[in-house]
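Shown next: coords_26.csv, given as CSV, N, CA, C and O atoms.
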chain,number,residue,atom,x,y,z
A,1,MET,N,-54.1,17.2,3.4
A,1,MET,CA,-53.4,16.0,3.8
A,1,MET,C,-53.8,14.9,2.8
A,1,MET,O,-55.0,14.7,2.5
A,2,VAL,N,-52.8,14.2,2.3
A,2,VAL,CA,-53.1,13.1,1.4
A,2,VAL,C,-53.2,11.8,2.1
A,2,VAL,O,-52.5,11.4,3.0
A,3,GLU,N,-54.3,11.1,1.7
A,3,GLU,CA,-54.6,9.8,2.4
A,3,GLU,C,-53.7,8.7,1.8
A,3,GLU,O,-53.5,8.7,0.6
A,4,LYS,N,-53.1,7.9,2.6
A,4,LYS,CA,-52.2,6.8,2.2
A,4,LYS,C,-53.1,5.7,1.5
A,4,LYS,O,-54.2,5.4,2.0
A,5,ILE,N,-52.5,5.1,0.5
A,5,ILE,CA,-53.2,4.0,-0.2
A,5,ILE,C,-53.0,2.7,0.7
A,5,ILE,O,-52.0,2.5,1.3
A,6,LYS,N,-54.1,2.0,0.8
A,6,LYS,CA,-54.1,0.8,1.7
A,6,LYS,C,-54.0,-0.5,0.8
A,6,LYS,O,-54.4,-0.5,-0.3
A,7,CYS,N,-53.5,-1.5,1.4
A,7,CYS,CA,-53.4,-2.9,0.8
A,7,CYS,C,-54.8,-3.3,0.6
A,7,CYS,O,-55.7,-3.2,1.4
A,8,GLU,N,-55.1,-3.9,-0.6
A,8,GLU,CA,-56.4,-4.4,-1.0
A,8,GLU,C,-56.8,-5.7,-0.3
A,8,GLU,O,-57.9,-6.2,-0.4
A,9,TYR,N,-55.8,-6.3,0.4
A,9,TYR,CA,-56.0,-7.6,1.1
A,9,TYR,C,-56.2,-7.5,2.6
A,9,TYR,O,-56.9,-8.3,3.2
A,10,CYS,N,-55.5,-6.5,3.2
A,10,CYS,CA,-55.5,-6.5,4.7
A,10,CYS,C,-55.6,-5.1,5.3
A,10,CYS,O,-55.6,-5.0,6.5
A,11,ASP,N,-55.6,-4.1,4.5
A,11,ASP,CA,-55.8,-2.7,4.9
A,11,ASP,C,-54.6,-2.1,5.6
A,11,ASP,O,-54.7,-1.0,6.2
A,12,LYS,N,-53.4,-2.7,5.5
A,12,LYS,CA,-52.2,-2.0,5.9
A,12,LYS,C,-51.8,-1.0,4.9
A,12,LYS,O,-52.3,-1.0,3.8
A,13,ASP,N,-50.8,-0.1,5.2
A,13,ASP,CA,-50.3,0.8,4.2
A,13,ASP,C,-49.7,0.1,3.0
A,13,ASP,O,-49.0,-0.9,3.2
A,14,ALA,N,-50.1,0.4,1.8
A,14,ALA,CA,-49.6,-0.2,0.6
A,14,ALA,C,-48.1,0.1,0.4
A,14,ALA,O,-47.7,1.3,0.5
A,15,ALA,N,-47.3,-0.8,0.0
A,15,ALA,CA,-45.9,-0.6,-0.3
A,15,ALA,C,-45.7,-0.5,-1.8
A,15,ALA,O,-44.6,0.0,-2.2
A,16,GLY,N,-46.7,-0.8,-2.6
A,16,GLY,CA,-46.6,-0.7,-4.0
A,16,GLY,C,-47.8,-1.2,-4.8
A,16,GLY,O,-48.8,-1.5,-4.2
A,17,TYR,N,-47.6,-1.3,-6.1
A,17,TYR,CA,-48.7,-1.7,-7.0
A,17,TYR,C,-48.1,-2.8,-7.9
A,17,TYR,O,-47.0,-2.7,-8.3
A,18,GLN,N,-49.0,-3.8,-8.1
A,18,GLN,CA,-48.6,-4.9,-9.0
A,18,GLN,C,-49.7,-5.2,-9.9
A,18,GLN,O,-50.9,-5.3,-9.5
A,19,GLY,N,-49.4,-5.4,-11.2
A,19,GLY,CA,-50.4,-5.7,-12.2
A,19,GLY,C,-50.0,-6.8,-13.1
A,19,GLY,O,-48.8,-6.9,-13.4
A,20,TYR,N,-51.0,-7.7,-13.4
A,20,TYR,CA,-50.7,-8.9,-14.2
A,20,TYR,C,-51.7,-8.9,-15.3
A,20,TYR,O,-52.7,-9.6,-15.3
A,21,GLY,N,-51.6,-8.1,-16.4
A,21,GLY,CA,-52.5,-8.1,-17.5
A,21,GLY,C,-53.9,-7.6,-17.1
A,21,GLY,O,-54.2,-6.4,-17.0
A,22,CYS,N,-54.8,-8.6,-16.7
A,22,CYS,CA,-56.2,-8.2,-16.4
A,22,CYS,C,-56.4,-8.0,-14.9
A,22,CYS,O,-57.6,-7.6,-14.6
A,23,CYS,N,-55.5,-8.2,-14.0
A,23,CYS,CA,-55.8,-8.0,-12.6
A,23,CYS,C,-54.6,-7.2,-12.0
A,23,CYS,O,-53.5,-7.3,-12.5
A,24,SER,N,-54.9,-6.4,-11.0
A,24,SER,CA,-53.9,-5.6,-10.4
A,24,SER,C,-54.4,-5.3,-8.9
A,24,SER,O,-55.5,-5.4,-8.6
A,25,ALA,N,-53.4,-4.8,-8.1
A,25,ALA,CA,-53.7,-4.6,-6.7
A,25,ALA,C,-52.6,-3.7,-6.1
A,25,ALA,O,-51.5,-3.7,-6.5
A,26,TYR,N,-53.1,-2.9,-5.1
A,26,TYR,CA,-52.1,-2.2,-4.3
A,26,TYR,C,-51.9,-3.1,-3.1
A,26,TYR,O,-52.9,-3.7,-2.6
A,27,VAL,N,-50.6,-3.4,-2.7
A,27,VAL,CA,-50.3,-4.4,-1.8
A,27,VAL,C,-49.3,-3.9,-0.7
A,27,VAL,O,-48.5,-3.0,-1.0
A,28,CYS,N,-49.4,-4.5,0.5
A,28,CYS,CA,-48.4,-4.2,1.5
A,28,CYS,C,-47.2,-5.2,1.3
A,28,CYS,O,-47.3,-6.0,0.4
A,29,MET,N,-46.2,-5.1,2.1
A,29,MET,CA,-45.1,-6.0,2.0
A,29,MET,C,-45.4,-7.4,2.2
A,29,MET,O,-44.8,-8.3,1.7
A,30,ASP,N,-46.4,-7.7,3.1
A,30,ASP,CA,-46.8,-9.1,3.3
A,30,ASP,C,-47.5,-9.7,2.1
A,30,ASP,O,-47.4,-10.9,2.0
A,31,HIS,N,-48.2,-9.0,1.3
A,31,HIS,CA,-48.9,-9.5,0.2
A,31,HIS,C,-48.2,-9.3,-1.2
A,31,HIS,O,-48.8,-9.6,-2.2
A,32,ALA,N,-47.1,-8.6,-1.2
A,32,ALA,CA,-46.4,-8.3,-2.4
A,32,ALA,C,-45.7,-9.5,-3.1
A,32,ALA,O,-45.2,-10.4,-2.4
A,33,ASP,N,-45.7,-9.5,-4.4
A,33,ASP,CA,-45.0,-10.5,-5.2
A,33,ASP,C,-43.5,-10.4,-5.0
A,33,ASP,O,-43.0,-9.3,-4.6
A,34,SER,N,-42.7,-11.4,-5.2
A,34,SER,CA,-41.3,-11.4,-5.0
A,34,SER,C,-40.6,-10.3,-5.9
A,34,SER,O,-39.6,-9.7,-5.6
A,35,PHE,N,-41.2,-10.1,-7.1
A,35,PHE,CA,-40.7,-9.1,-8.0
A,35,PHE,C,-40.8,-7.7,-7.4
A,35,PHE,O,-39.9,-6.9,-7.5
A,36,LEU,N,-41.9,-7.4,-6.8
A,36,LEU,CA,-42.1,-6.1,-6.1
A,36,LEU,C,-41.2,-6.0,-4.9
A,36,LEU,O,-40.6,-4.9,-4.7
A,37,LEU,N,-41.0,-7.1,-4.1
A,37,LEU,CA,-40.1,-7.0,-3.0
A,37,LEU,C,-38.7,-6.8,-3.3
A,37,LEU,O,-37.9,-6.2,-2.6
A,38,ALA,N,-38.3,-7.2,-4.5
A,38,ALA,CA,-36.9,-7.0,-5.0
A,38,ALA,C,-36.6,-5.6,-5.4
A,38,ALA,O,-35.4,-5.2,-5.5
A,39,LEU,N,-37.6,-4.8,-5.6
A,39,LEU,CA,-37.4,-3.4,-6.1
A,39,LEU,C,-37.0,-2.5,-4.9
A,39,LEU,O,-37.5,-2.7,-3.8
A,40,LYS,N,-36.2,-1.5,-5.2
A,40,LYS,CA,-35.9,-0.5,-4.2
A,40,LYS,C,-37.1,0.6,-4.2
A,40,LYS,O,-37.7,0.7,-5.2
A,41,PRO,N,-37.3,1.3,-3.1
A,41,PRO,CA,-38.3,2.3,-3.1
A,41,PRO,C,-38.1,3.3,-4.3
A,41,PRO,O,-37.0,3.8,-4.6
A,42,GLY,N,-39.2,3.5,-5.0
A,42,GLY,CA,-39.2,4.4,-6.1
A,42,GLY,C,-39.0,3.7,-7.5
A,42,GLY,O,-39.2,4.3,-8.5
A,43,GLU,N,-38.6,2.4,-7.4
A,43,GLU,CA,-38.3,1.7,-8.7
A,43,GLU,C,-39.5,1.1,-9.3
A,43,GLU,O,-40.5,0.8,-8.6
A,44,LYS,N,-39.5,0.9,-10.6
A,44,LYS,CA,-40.6,0.3,-11.4
A,44,LYS,C,-40.0,-0.8,-12.2
A,44,LYS,O,-38.9,-0.8,-12.7
A,45,LEU,N,-40.8,-1.8,-12.5
A,45,LEU,CA,-40.4,-2.9,-13.4
A,45,LEU,C,-41.6,-3.3,-14.3
A,45,LEU,O,-42.7,-3.4,-13.8
A,46,SER,N,-41.3,-3.3,-15.6
A,46,SER,CA,-42.4,-3.7,-16.6
A,46,SER,C,-41.8,-4.8,-17.4
A,46,SER,O,-40.7,-4.7,-18.0
A,47,SER,N,-42.6,-5.9,-17.6
A,47,SER,CA,-42.1,-7.0,-18.4
A,47,SER,C,-43.4,-7.7,-19.0
A,47,SER,O,-44.2,-8.2,-18.3
A,48,GLY,N,-43.5,-7.5,-20.3
A,48,GLY,CA,-44.7,-8.1,-20.9
A,48,GLY,C,-46.0,-7.4,-20.4
A,48,GLY,O,-46.1,-6.2,-20.4
A,49,GLU,N,-46.9,-8.2,-19.9
A,49,GLU,CA,-48.1,-7.7,-19.3
A,49,GLU,C,-48.0,-7.5,-17.8
A,49,GLU,O,-49.0,-7.1,-17.2
A,50,CYS,N,-46.8,-7.7,-17.2
A,50,CYS,CA,-46.7,-7.5,-15.8
A,50,CYS,C,-46.0,-6.1,-15.5
A,50,CYS,O,-45.2,-5.7,-16.2
A,51,TYR,N,-46.5,-5.5,-14.4
A,51,TYR,CA,-46.0,-4.2,-14.0
A,51,TYR,C,-45.9,-4.1,-12.5
A,51,TYR,O,-46.9,-4.5,-11.8
A,52,PHE,N,-44.8,-3.7,-12.0
A,52,PHE,CA,-44.6,-3.6,-10.6
A,52,PHE,C,-44.1,-2.2,-10.3
A,52,PHE,O,-43.2,-1.7,-11.0
A,53,GLU,N,-44.6,-1.5,-9.2
A,53,GLU,CA,-44.1,-0.2,-8.8
A,53,GLU,C,-44.0,-0.2,-7.3
A,53,GLU,O,-45.0,-0.4,-6.6
A,54,ARG,N,-42.8,0.0,-6.8
A,54,ARG,CA,-42.5,0.1,-5.3
A,54,ARG,C,-42.6,1.6,-5.0
A,54,ARG,O,-42.0,2.4,-5.6
A,55,PHE,N,-43.5,1.9,-4.1
A,55,PHE,CA,-43.7,3.3,-3.7
A,55,PHE,C,-42.4,3.8,-2.9
A,55,PHE,O,-41.7,3.1,-2.2
A,56,SER,N,-42.2,5.1,-3.1
A,56,SER,CA,-41.1,5.8,-2.4
A,56,SER,C,-41.5,5.9,-0.9
A,56,SER,O,-42.7,5.9,-0.6
A,57,ILE,N,-40.5,5.9,-0.1
A,57,ILE,CA,-40.8,6.0,1.4
A,57,ILE,C,-41.0,7.5,1.7
A,57,ILE,O,-40.1,8.3,1.5
A,58,THR,N,-42.1,7.8,2.3
A,58,THR,CA,-42.4,9.1,2.7
A,58,THR,C,-43.2,9.1,4.1
A,58,THR,O,-43.9,8.1,4.4
A,59,ASP,N,-43.0,10.2,4.8
A,59,ASP,CA,-43.7,10.3,6.1
A,59,ASP,C,-44.8,11.3,6.0
A,59,ASP,O,-44.7,12.3,5.3
Please express the file's structure as structure tokens.
Amino acid sequence: MVEKIKCEYCDKDAAGYQGYGCCSAYVCMDHADSFLLALKPGEKLSSGECYFERFSITD
């Protein structure tokens, strides 16, 4: 069984990963940046030093 990744701010299941050059975090939908929220499940966005990855929906 694979353990689900948790939000680094509140311990809910993480919806994705967001990175800004020197800092990064796994985040839930409540703590996600608007760029991450705009992505569809499974999509990634990279721009300069910023990287966003929305996790695919799995049960």
Can you tell me which residues surround segment 44-53 of chain A at a distance of at most 8 Å, considering all atoms listed in the file, apart from same-chain residues fewer than 5 positions away, and format the answer as a PDB file with N, CA, C and O atoms, keeping the file's coordinate frame?
ATOM      1  N   ALA A  14     -50.100   0.400   1.800  1.00  0.00           N
ATOM      2  CA  ALA A  14     -49.600  -0.200   0.600  1.00  0.00           C
ATOM      3  C   ALA A  14     -48.100   0.100   0.400  1.00  0.00           C
ATOM      4  O   ALA A  14     -47.700   1.300   0.500  1.00  0.00           O
ATOM      5  N   ALA A  15     -47.300  -0.800   0.000  1.00  0.00           N
ATOM      6  CA  ALA A  15     -45.900  -0.600  -0.300  1.00  0.00           C
ATOM      7  C   ALA A  15     -45.700  -0.500  -1.800  1.00  0.00           C
ATOM      8  O   ALA A  15     -44.600   0.000  -2.200  1.00  0.00           O
ATOM      9  N   GLY A  16     -46.700  -0.800  -2.600  1.00  0.00           N
ATOM     10  CA  GLY A  16     -46.600  -0.700  -4.000  1.00  0.00           C
ATOM     11  C   GLY A  16     -47.800  -1.200  -4.800  1.00  0.00           C
ATOM     12  O   GLY A  16     -48.800  -1.500  -4.200  1.00  0.00           O
ATOM     13  N   TYR A  17     -47.600  -1.300  -6.100  1.00  0.00           N
ATOM     14  CA  TYR A  17     -48.700  -1.700  -7.000  1.00  0.00           C
ATOM     15  C   TYR A  17     -48.100  -2.800  -7.900  1.00  0.00           C
ATOM     16  O   TYR A  17     -47.000  -2.700  -8.300  1.00  0.00           O
ATOM     17  N   GLN A  18     -49.000  -3.800  -8.100  1.00  0.00           N
ATOM     18  CA  GLN A  18     -48.600  -4.900  -9.000  1.00  0.00           C
ATOM     19  C   GLN A  18     -49.700  -5.200  -9.900  1.00  0.00           C
ATOM     20  O   GLN A  18     -50.900  -5.300  -9.500  1.00  0.00           O
ATOM     21  N   GLY A  19     -49.400  -5.400 -11.200  1.00  0.00           N
ATOM     22  CA  GLY A  19     -50.400  -5.700 -12.200  1.00  0.00           C
ATOM     23  C   GLY A  19     -50.000  -6.800 -13.100  1.00  0.00           C
ATOM     24  O   GLY A  19     -48.800  -6.900 -13.400  1.00  0.00           O
ATOM     25  N   TYR A  20     -51.000  -7.700 -13.400  1.00  0.00           N
ATOM     26  CA  TYR A  20     -50.700  -8.900 -14.200  1.00  0.00           C
ATOM     27  C   TYR A  20     -51.700  -8.900 -15.300  1.00  0.00           C
ATOM     28  O   TYR A  20     -52.700  -9.600 -15.300  1.00  0.00           O
ATOM     29  N   GLY A  21     -51.600  -8.100 -16.400  1.00  0.00           N
ATOM     30  CA  GLY A  21     -52.500  -8.100 -17.500  1.00  0.00           C
ATOM     31  C   GLY A  21     -53.900  -7.600 -17.100  1.00  0.00           C
ATOM     32  O   GLY A  21     -54.200  -6.400 -17.000  1.00  0.00           O
ATOM     33  N   CYS A  22     -54.800  -8.600 -16.700  1.00  0.00           N
ATOM     34  CA  CYS A  22     -56.200  -8.200 -16.400  1.00  0.00           C
ATOM     35  C   CYS A  22     -56.400  -8.000 -14.900  1.00  0.00           C
ATOM     36  O   CYS A  22     -57.600  -7.600 -14.600  1.00  0.00           O
ATOM     37  N   CYS A  23     -55.500  -8.200 -14.000  1.00  0.00           N
ATOM     38  CA  CYS A  23     -55.800  -8.000 -12.600  1.00  0.00           C
ATOM     39  C   CYS A  23     -54.600  -7.200 -12.000  1.00  0.00           C
ATOM     40  O   CYS A  23     -53.500  -7.300 -12.500  1.00  0.00           O
ATOM     41  N   SER A  24     -54.900  -6.400 -11.000  1.00  0.00           N
ATOM     42  CA  SER A  24     -53.900  -5.600 -10.400  1.00  0.00           C
ATOM     43  C   SER A  24     -54.400  -5.300  -8.900  1.00  0.00           C
ATOM     44  O   SER A  24     -55.500  -5.400  -8.600  1.00  0.00           O
ATOM     45  N   ALA A  25     -53.400  -4.800  -8.100  1.00  0.00           N
ATOM     46  CA  ALA A  25     -53.700  -4.600  -6.700  1.00  0.00           C
ATOM     47  C   ALA A  25     -52.600  -3.700  -6.100  1.00  0.00           C
ATOM     48  O   ALA A  25     -51.500  -3.700  -6.500  1.00  0.00           O
ATOM     49  N   TYR A  26     -53.100  -2.900  -5.100  1.00  0.00           N
ATOM     50  CA  TYR A  26     -52.100  -2.200  -4.300  1.00  0.00           C
ATOM     51  C   TYR A  26     -51.900  -3.100  -3.100  1.00  0.00           C
ATOM     52  O   TYR A  26     -52.900  -3.700  -2.600  1.00  0.00           O
ATOM     53  N   VAL A  27     -50.600  -3.400  -2.700  1.00  0.00           N
ATOM     54  CA  VAL A  27     -50.300  -4.400  -1.800  1.00  0.00           C
ATOM     55  C   VAL A  27     -49.300  -3.900  -0.700  1.00  0.00           C
ATOM     56  O   VAL A  27     -48.500  -3.000  -1.000  1.00  0.00           O
ATOM     57  N   PHE A  35     -41.200 -10.100  -7.100  1.00  0.00           N
ATOM     58  CA  PHE A  35     -40.700  -9.100  -8.000  1.00  0.00           C
ATOM     59  C   PHE A  35     -40.800  -7.700  -7.400  1.00  0.00           C
ATOM     60  O   PHE A  35     -39.900  -6.900  -7.500  1.00  0.00           O
ATOM     61  N   LEU A  36     -41.900  -7.400  -6.800  1.00  0.00           N
ATOM     62  CA  LEU A  36     -42.100  -6.100  -6.100  1.00  0.00           C
ATOM     63  C   LEU A  36     -41.200  -6.000  -4.900  1.00  0.00           C
ATOM     64  O   LEU A  36     -40.600  -4.900  -4.700  1.00  0.00           O
ATOM     65  N   LEU A  39     -37.600  -4.800  -5.600  1.00  0.00           N
ATOM     66  CA  LEU A  39     -37.400  -3.400  -6.100  1.00  0.00           C
ATOM     67  C   LEU A  39     -37.000  -2.500  -4.900  1.00  0.00           C
ATOM     68  O   LEU A  39     -37.500  -2.700  -3.800  1.00  0.00           O
TER      69      LEU A  39
END
- Item | Gap from atom CA of Glu8 of chain A to atom CA of Asp33 of chain A - Å, one decimal |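 Result for atom CA of Glu8 of chain A versus atom CA of Asp33 of chain A: 13.6 Å, one decimal.
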- Item | Length of the atom CA of Asp30 of chain A to atom CA of Asp13 of chain A vector [Å] |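 Rounded to one decimal, the two atoms are 10.5 Å apart.
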- Check the smallest atom-to-atom distance from each of A:Gly42, A:Asp11, A:Met29, A:Ile5 to Ile57 of chain A using only C-alpha atoms, then report the winner. A:Gly42
Please identify the strand (DSSP E or B) residues within chain A (assignment by DSSP from backbone atoms) and present them as a PDB file with N, CA, C and O atoms, in the coordinates of the input.
ATOM      1  N   LYS A   6     -54.100   2.000   0.800  1.00  0.00           N
ATOM      2  CA  LYS A   6     -54.100   0.800   1.700  1.00  0.00           C
ATOM      3  C   LYS A   6     -54.000  -0.500   0.800  1.00  0.00           C
ATOM      4  O   LYS A   6     -54.400  -0.500  -0.300  1.00  0.00           O
ATOM      5  N   ASP A  13     -50.800  -0.100   5.200  1.00  0.00           N
ATOM      6  CA  ASP A  13     -50.300   0.800   4.200  1.00  0.00           C
ATOM      7  C   ASP A  13     -49.700   0.100   3.000  1.00  0.00           C
ATOM      8  O   ASP A  13     -49.000  -0.900   3.200  1.00  0.00           O
ATOM      9  N   GLY A  16     -46.700  -0.800  -2.600  1.00  0.00           N
ATOM     10  CA  GLY A  16     -46.600  -0.700  -4.000  1.00  0.00           C
ATOM     11  C   GLY A  16     -47.800  -1.200  -4.800  1.00  0.00           C
ATOM     12  O   GLY A  16     -48.800  -1.500  -4.200  1.00  0.00           O
ATOM     13  N   TYR A  17     -47.600  -1.300  -6.100  1.00  0.00           N
ATOM     14  CA  TYR A  17     -48.700  -1.700  -7.000  1.00  0.00           C
ATOM     15  C   TYR A  17     -48.100  -2.800  -7.900  1.00  0.00           C
ATOM     16  O   TYR A  17     -47.000  -2.700  -8.300  1.00  0.00           O
ATOM     17  N   GLN A  18     -49.000  -3.800  -8.100  1.00  0.00           N
ATOM     18  CA  GLN A  18     -48.600  -4.900  -9.000  1.00  0.00           C
ATOM     19  C   GLN A  18     -49.700  -5.200  -9.900  1.00  0.00           C
ATOM     20  O   GLN A  18     -50.900  -5.300  -9.500  1.00  0.00           O
ATOM     21  N   GLY A  19     -49.400  -5.400 -11.200  1.00  0.00           N
ATOM     22  CA  GLY A  19     -50.400  -5.700 -12.200  1.00  0.00           C
ATOM     23  C   GLY A  19     -50.000  -6.800 -13.100  1.00  0.00           C
ATOM     24  O   GLY A  19     -48.800  -6.900 -13.400  1.00  0.00           O
ATOM     25  N   TYR A  20     -51.000  -7.700 -13.400  1.00  0.00           N
ATOM     26  CA  TYR A  20     -50.700  -8.900 -14.200  1.00  0.00           C
ATOM     27  C   TYR A  20     -51.700  -8.900 -15.300  1.00  0.00           C
ATOM     28  O   TYR A  20     -52.700  -9.600 -15.300  1.00  0.00           O
ATOM     29  N   CYS A  23     -55.500  -8.200 -14.000  1.00  0.00           N
ATOM     30  CA  CYS A  23     -55.800  -8.000 -12.600  1.00  0.00           C
ATOM     31  C   CYS A  23     -54.600  -7.200 -12.000  1.00  0.00           C
ATOM     32  O   CYS A  23     -53.500  -7.300 -12.500  1.00  0.00           O
ATOM     33  N   SER A  24     -54.900  -6.400 -11.000  1.00  0.00           N
ATOM     34  CA  SER A  24     -53.900  -5.600 -10.400  1.00  0.00           C
ATOM     35  C   SER A  24     -54.400  -5.300  -8.900  1.00  0.00           C
ATOM     36  O   SER A  24     -55.500  -5.400  -8.600  1.00  0.00           O
ATOM     37  N   ALA A  25     -53.400  -4.800  -8.100  1.00  0.00           N
ATOM     38  CA  ALA A  25     -53.700  -4.600  -6.700  1.00  0.00           C
ATOM     39  C   ALA A  25     -52.600  -3.700  -6.100  1.00  0.00           C
ATOM     40  O   ALA A  25     -51.500  -3.700  -6.500  1.00  0.00           O
ATOM     41  N   TYR A  26     -53.100  -2.900  -5.100  1.00  0.00           N
ATOM     42  CA  TYR A  26     -52.100  -2.200  -4.300  1.00  0.00           C
ATOM     43  C   TYR A  26     -51.900  -3.100  -3.100  1.00  0.00           C
ATOM     44  O   TYR A  26     -52.900  -3.700  -2.600  1.00  0.00           O
ATOM     45  N   VAL A  27     -50.600  -3.400  -2.700  1.00  0.00           N
ATOM     46  CA  VAL A  27     -50.300  -4.400  -1.800  1.00  0.00           C
ATOM     47  C   VAL A  27     -49.300  -3.900  -0.700  1.00  0.00           C
ATOM     48  O   VAL A  27     -48.500  -3.000  -1.000  1.00  0.00           O
ATOM     49  N   LYS A  44     -39.500   0.900 -10.600  1.00  0.00           N
ATOM     50  CA  LYS A  44     -40.600   0.300 -11.400  1.00  0.00           C
ATOM     51  C   LYS A  44     -40.000  -0.800 -12.200  1.00  0.00           C
ATOM     52  O   LYS A  44     -38.900  -0.800 -12.700  1.00  0.00           O
ATOM     53  N   LEU A  45     -40.800  -1.800 -12.500  1.00  0.00           N
ATOM     54  CA  LEU A  45     -40.400  -2.900 -13.400  1.00  0.00           C
ATOM     55  C   LEU A  45     -41.600  -3.300 -14.300  1.00  0.00           C
ATOM     56  O   LEU A  45     -42.700  -3.400 -13.800  1.00  0.00           O
ATOM     57  N   SER A  46     -41.300  -3.300 -15.600  1.00  0.00           N
ATOM     58  CA  SER A  46     -42.400  -3.700 -16.600  1.00  0.00           C
ATOM     59  C   SER A  46     -41.800  -4.800 -17.400  1.00  0.00           C
ATOM     60  O   SER A  46     -40.700  -4.700 -18.000  1.00  0.00           O
ATOM     61  N   SER A  47     -42.600  -5.900 -17.600  1.00  0.00           N
ATOM     62  CA  SER A  47     -42.100  -7.000 -18.400  1.00  0.00           C
ATOM     63  C   SER A  47     -43.400  -7.700 -19.000  1.00  0.00           C
ATOM     64  O   SER A  47     -44.200  -8.200 -18.300  1.00  0.00           O
ATOM     65  N   CYS A  50     -46.800  -7.700 -17.200  1.00  0.00           N
ATOM     66  CA  CYS A  50     -46.700  -7.500 -15.800  1.00  0.00           C
ATOM     67  C   CYS A  50     -46.000  -6.100 -15.500  1.00  0.00           C
ATOM     68  O   CYS A  50     -45.200  -5.700 -16.200  1.00  0.00           O
ATOM     69  N   TYR A  51     -46.500  -5.500 -14.400  1.00  0.00           N
ATOM     70  CA  TYR A  51     -46.000  -4.200 -14.000  1.00  0.00           C
ATOM     71  C   TYR A  51     -45.900  -4.100 -12.500  1.00  0.00           C
ATOM     72  O   TYR A  51     -46.900  -4.500 -11.800  1.00  0.00           O
ATOM     73  N   PHE A  52     -44.800  -3.700 -12.000  1.00  0.00           N
ATOM     74  CA  PHE A  52     -44.600  -3.600 -10.600  1.00  0.00           C
ATOM     75  C   PHE A  52     -44.100  -2.200 -10.300  1.00  0.00           C
ATOM     76  O   PHE A  52     -43.200  -1.700 -11.000  1.00  0.00           O
ATOM     77  N   GLU A  53     -44.600  -1.500  -9.200  1.00  0.00           N
ATOM     78  CA  GLU A  53     -44.100  -0.200  -8.800  1.00  0.00           C
ATOM     79  C   GLU A  53     -44.000  -0.200  -7.300  1.00  0.00           C
ATOM     80  O   GLU A  53     -45.000  -0.400  -6.600  1.00  0.00           O
ATOM     81  N   ARG A  54     -42.800   0.000  -6.800  1.00  0.00           N
ATOM     82  CA  ARG A  54     -42.500   0.100  -5.300  1.00  0.00           C
ATOM     83  C   ARG A  54     -42.600   1.600  -5.000  1.00  0.00           C
ATOM     84  O   ARG A  54     -42.000   2.400  -5.600  1.00  0.00           O
TER      85      ARG A  54
END
- Would you mind writing down, as a PyMOL selection string, each residue of chain A that DSSP on the backbone assigns to alpha helix (DSSP H)? chain A and resi 34-37
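Going from atom CA of Pro41 of chain A over to atom N of Cys28 of chain A, you cover 13.5 Å.
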